[in-house]
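Take a look at the structure set out below.
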Amino acid sequence: MNTAYHSLHLMGTNITMTIISDNAEQQTQAVDKLLRMYEQRFSANSDTSELMQINQRAGIQPVVVNDELFELIEIGKRHSLPYESQLNIAIGPLVQLWRIGFSDAQLPTDTHIKAVLAQIQPEKIRLDAEKQSVFLKEKGMKIDLGALAKGYIADKVINYLKEQGAHAALINLGGNVLTFGDNPNQIDGYWRVGIQNPILPRGNHVSILKIKNQSVVTSGIYERQLTVNGKTYHHIFSSETGYPIESAMASITIVSELSCDGEIWTTRLFGKRITAALAEIALQPGIEALIIDHQQDVHQSLGMAQYIE
């Protein structure tokens with residue numbers, strides 16, 4: 001049994017993986033290829049991606065897509081429609097207007113922001129399951145899967161490794177961590193994941209989570225920022241105002257079995273009142289939350305204590 005470590009920069013983030021398997025090196029190279037293939041499928045920042053073909057034909061014609069792309073858009077639309085969900089996969093025009101996290105980030109005018117708000121309506125994404133096609137009803141609409149894709153991809157990678165007979169693995173897609181099997185470096189077999197203090201520099205942890213066969217996903221205001229005239233703007237936008245969400249939350253972490261679920265709920269809940277977010281998590285089986293506010297106080301769901309070391 002061998003252990004292989006691998007890192008690469010992809011999807012705008014640093015990706016690291018640890019694979020424990022009889023064919024660890026070979027499987028690591030296969031996962032590298034898988035990750036590159038998924039980026040080409042789901043990227044909202046590549047003119048040649050499969051997703052971009054949908055965006056380029058907005059208001060013109062439906063596009064028949066790969067079954068995984070259709071599935072992810074279907075999941076994204078379903079979680080974008082509920083009242084008060086902060087997840088919105090139609091938010092592409094707003095993301096591209098601000099460009100926070102890119103070298104050409106800018107503070108748009110109120111006029112420009114108001115103009116794109118009409119284009120970020122997820123109910124105008126038309127899905128045809130029979131033809132497996134996606135149609136954006138208005139010109140200028142753009143789907144952005146950035147809030148979901150990493151979790152979906154992590155789940156697919158772990159499924160692939162299980163099918164290939166790997167014994168254990170940890171995949172970290174830039175703060176989106178998914179594990180399976182026993183950590184060979186720990187007597188108890190658990191993997192340890194640090195939760196970043198969103199107020200302090202990288203490497204300062206609020207707590208350490210102890211997990212196995214689970215995912216940890218964190219969304220926070222510290223990940224990507226833009227400062228203009230002394231005011232700092234983060235990258236998590238409100239579909240109502242077109243500006244970054246103003247919230248008592250500085251970060252939210254979800255522990256779940258599937259990484260895609262972690263992505264969904266960190267995004268759906270970010271910006272809600274902390275008590276309301278925890279009440280909603282209490283209704284979701286198998287999902288726990290840890291929320292850090294701007295005073296660095298920690299709030300957690302009832303079942304989260306079992307994971308905190």
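In the structure tokens, chains take the letters A, B, ... in the order shown, each chain's residues start at 1, and ligands count up from 1 in the order shown.
Within region 141-188 of chain A, DSSP applied to the backbone places the following residues in alpha helix (DSSP H): A:Ala149, A:Lys150, A:Gly151, A:Tyr152, A:Ile153, A:Ala154, A:Asp155, A:Lys156, A:Val157, A:Ile158, A:Asn159, A:Tyr160, A:Leu161, A:Lys162, A:Glu163.
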Pull C-alpha atoms from the residues just selected and write them as a PDB file, in the first residue's frame.
```pdb
ATOM      1  CA  ALA A 149     -18.846  22.921  -8.762  1.00  0.00           C
ATOM      2  CA  LYS A 150     -15.973  22.185  -6.370  1.00  0.00           C
ATOM      3  CA  GLY A 151     -18.201  20.140  -4.080  1.00  0.00           C
ATOM      4  CA  TYR A 152     -19.744  18.227  -6.966  1.00  0.00           C
ATOM      5  CA  ILE A 153     -16.278  17.542  -8.421  1.00  0.00           C
ATOM      6  CA  ALA A 154     -14.873  16.400  -5.055  1.00  0.00           C
ATOM      7  CA  ASP A 155     -17.731  13.885  -4.721  1.00  0.00           C
ATOM      8  CA  LYS A 156     -17.056  12.570  -8.250  1.00  0.00           C
ATOM      9  CA  VAL A 157     -13.317  12.216  -7.545  1.00  0.00           C
ATOM     10  CA  ILE A 158     -13.892  10.281  -4.319  1.00  0.00           C
ATOM     11  CA  ASN A 159     -16.404   8.000  -6.085  1.00  0.00           C
ATOM     12  CA  TYR A 160     -13.805   7.336  -8.790  1.00  0.00           C
ATOM     13  CA  LEU A 161     -11.146   6.449  -6.192  1.00  0.00           C
ATOM     14  CA  LYS A 162     -13.527   4.080  -4.404  1.00  0.00           C
ATOM     15  CA  GLU A 163     -14.321   2.347  -7.723  1.00  0.00           C
TER      16      GLU A 163
END
```
So which residues touch Ile113 (chain A) within 10 Å, counting only C-alpha atoms, skipping near sequence neighbours fewer than 6 positions away, as a ChimeraX atom specification? /A:93-94,97-98,107,241-243
If you keep C-alpha atoms, can you produce a file of those selected residues as an mmCIF file, in the first residue's frame?
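Done, and the output landed in selection-v7.cif:
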```cif
data_model
loop_
_atom_site.group_PDB
_atom_site.id
_atom_site.type_symbol
_atom_site.label_atom_id
_atom_site.label_comp_id
_atom_site.auth_asym_id
_atom_site.auth_seq_id
_atom_site.Cartn_x
_atom_site.Cartn_y
_atom_site.Cartn_z
ATOM 1 C CA PRO A 93 -23.546 38.745 -14.900
ATOM 2 C CA LEU A 94 -23.047 40.212 -11.411
ATOM 3 C CA LEU A 97 -19.346 42.908 -13.411
ATOM 4 C CA TRP A 98 -17.407 43.045 -10.134
ATOM 5 C CA LEU A 107 -16.325 48.748 -8.083
ATOM 6 C CA THR A 241 -28.991 44.523 -3.993
ATOM 7 C CA GLY A 242 -26.187 43.491 -6.364
ATOM 8 C CA TYR A 243 -23.648 44.338 -3.648
#
```
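Of the listed residues (A:Met1, A:Ile54, A:Leu34, A:Ile292), A:Ile292 comes nearest to His205 (chain A); the distances count only C-alpha atoms.
Distance annotation: of A:Ala166, A:Ala105, A:Ile281, A:Ile274, the residue with the minimal separation from Thr227 (chain A) is A:Ala105; atom set is only C-alpha atoms.
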I want to know what sits within 10 Å of Tyr233 (chain A), based on only C-alpha atoms, with residues of the same chain fewer than 3 positions away left out; could you give that as an NGL selection string? :A and (98 or 100 or 107 or 221-222 or 224-228 or 230 or 236-237 or 243-246)
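Comparing A:Asp182, A:Glu39, A:Glu130, A:Asp32 by their smallest distance to Gly12 (chain A), the closest is A:Glu39 (using only C-alpha atoms).
The nearest approach to Ile308 (chain A) among the residues A:Leu278, A:Leu200, A:Ile20, A:Leu209, with only C-alpha atoms taken into account, belongs to A:Leu209.
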Contacts of region 114-124 of chain A within 6 Å, only C-alpha atoms, excl. fewer than 3 positions in-chain, as a PyMOL selection string: chain A and resi 90-91+111+137+141
Could you pull the residues within 12 Å of region 41-45 of chain A, counting only C-alpha atoms, minus those fewer than 4 positions along the same chain, as a VMD selection string? chain A and resid 10 to 12 34 to 37 49 to 56 65 to 73 89 to 93 95 to 96 99 101 to 102 142 to 150 152 to 153
For Gly303 (chain A), please output as a list in words all residues within 9 Å (counting only C-alpha atoms; exclusion window: fewer than 4 positions along the same chain). Ala282, Gly286, Ile287, Glu288, Ala289 and Tyr307 of chain A
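Of the residues listed (A:Ile60, A:Val216, A:Val177, A:Val193), A:Ile60 shows the shortest atom-to-atom separation from Phe135 (chain A); distances use only C-alpha atoms.
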Arg268 (chain A) surroundings by only C-alpha atoms, 12 Å radius, close-in-sequence under 5 positions cut, as a PDB file with C-alpha atoms, in the first residue's frame:
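Output below, filename result_6.pdb:
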```pdb
ATOM      1  CA  GLY A  76     -28.184  24.495  -8.675  1.00  0.00           C
ATOM      2  CA  LYS A  77     -31.505  25.758 -10.028  1.00  0.00           C
ATOM      3  CA  ARG A  78     -33.468  23.736  -7.456  1.00  0.00           C
ATOM      4  CA  HIS A  79     -31.541  25.340  -4.578  1.00  0.00           C
ATOM      5  CA  SER A  80     -31.599  28.818  -6.177  1.00  0.00           C
ATOM      6  CA  LEU A  81     -35.400  29.062  -6.297  1.00  0.00           C
ATOM      7  CA  PRO A  82     -36.485  28.807  -2.612  1.00  0.00           C
ATOM      8  CA  TYR A  83     -37.435  32.111  -0.991  1.00  0.00           C
ATOM      9  CA  GLU A  84     -34.484  33.632   0.918  1.00  0.00           C
ATOM     10  CA  SER A  85     -31.916  31.186  -0.538  1.00  0.00           C
ATOM     11  CA  GLN A  86     -28.666  33.102  -1.044  1.00  0.00           C
ATOM     12  CA  LEU A  87     -27.594  30.598  -3.700  1.00  0.00           C
ATOM     13  CA  ASN A  88     -28.222  31.807  -7.255  1.00  0.00           C
ATOM     14  CA  ILE A  89     -26.557  30.048 -10.204  1.00  0.00           C
ATOM     15  CA  ALA A 147     -20.796  28.048  -5.590  1.00  0.00           C
ATOM     16  CA  LEU A 148     -21.376  24.350  -6.349  1.00  0.00           C
ATOM     17  CA  SER A 219     -17.443  29.966   2.899  1.00  0.00           C
ATOM     18  CA  ILE A 236     -20.415  36.839  -1.808  1.00  0.00           C
ATOM     19  CA  PHE A 237     -23.165  38.866  -3.491  1.00  0.00           C
ATOM     20  CA  SER A 238     -26.788  39.584  -2.722  1.00  0.00           C
ATOM     21  CA  SER A 239     -29.140  38.919  -5.642  1.00  0.00           C
ATOM     22  CA  ILE A 252     -19.885  29.442   7.821  1.00  0.00           C
ATOM     23  CA  ILE A 254     -20.734  22.833   6.966  1.00  0.00           C
ATOM     24  CA  ASP A 261     -24.306  19.465   0.121  1.00  0.00           C
ATOM     25  CA  GLY A 262     -21.680  21.445   2.025  1.00  0.00           C
ATOM     26  CA  GLU A 263     -21.369  23.879  -0.895  1.00  0.00           C
ATOM     27  CA  ALA A 276     -32.224  31.556  11.612  1.00  0.00           C
ATOM     28  CA  ALA A 277     -29.382  29.747   9.808  1.00  0.00           C
ATOM     29  CA  GLU A 280     -32.675  25.801   9.250  1.00  0.00           C
ATOM     30  CA  ILE A 281     -29.665  23.466   9.653  1.00  0.00           C
TER      31      ILE A 281
END
```
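Between CA of Pro184 (chain A) and CA of Thr16 (chain A) there is a distance of 17.0 Å.
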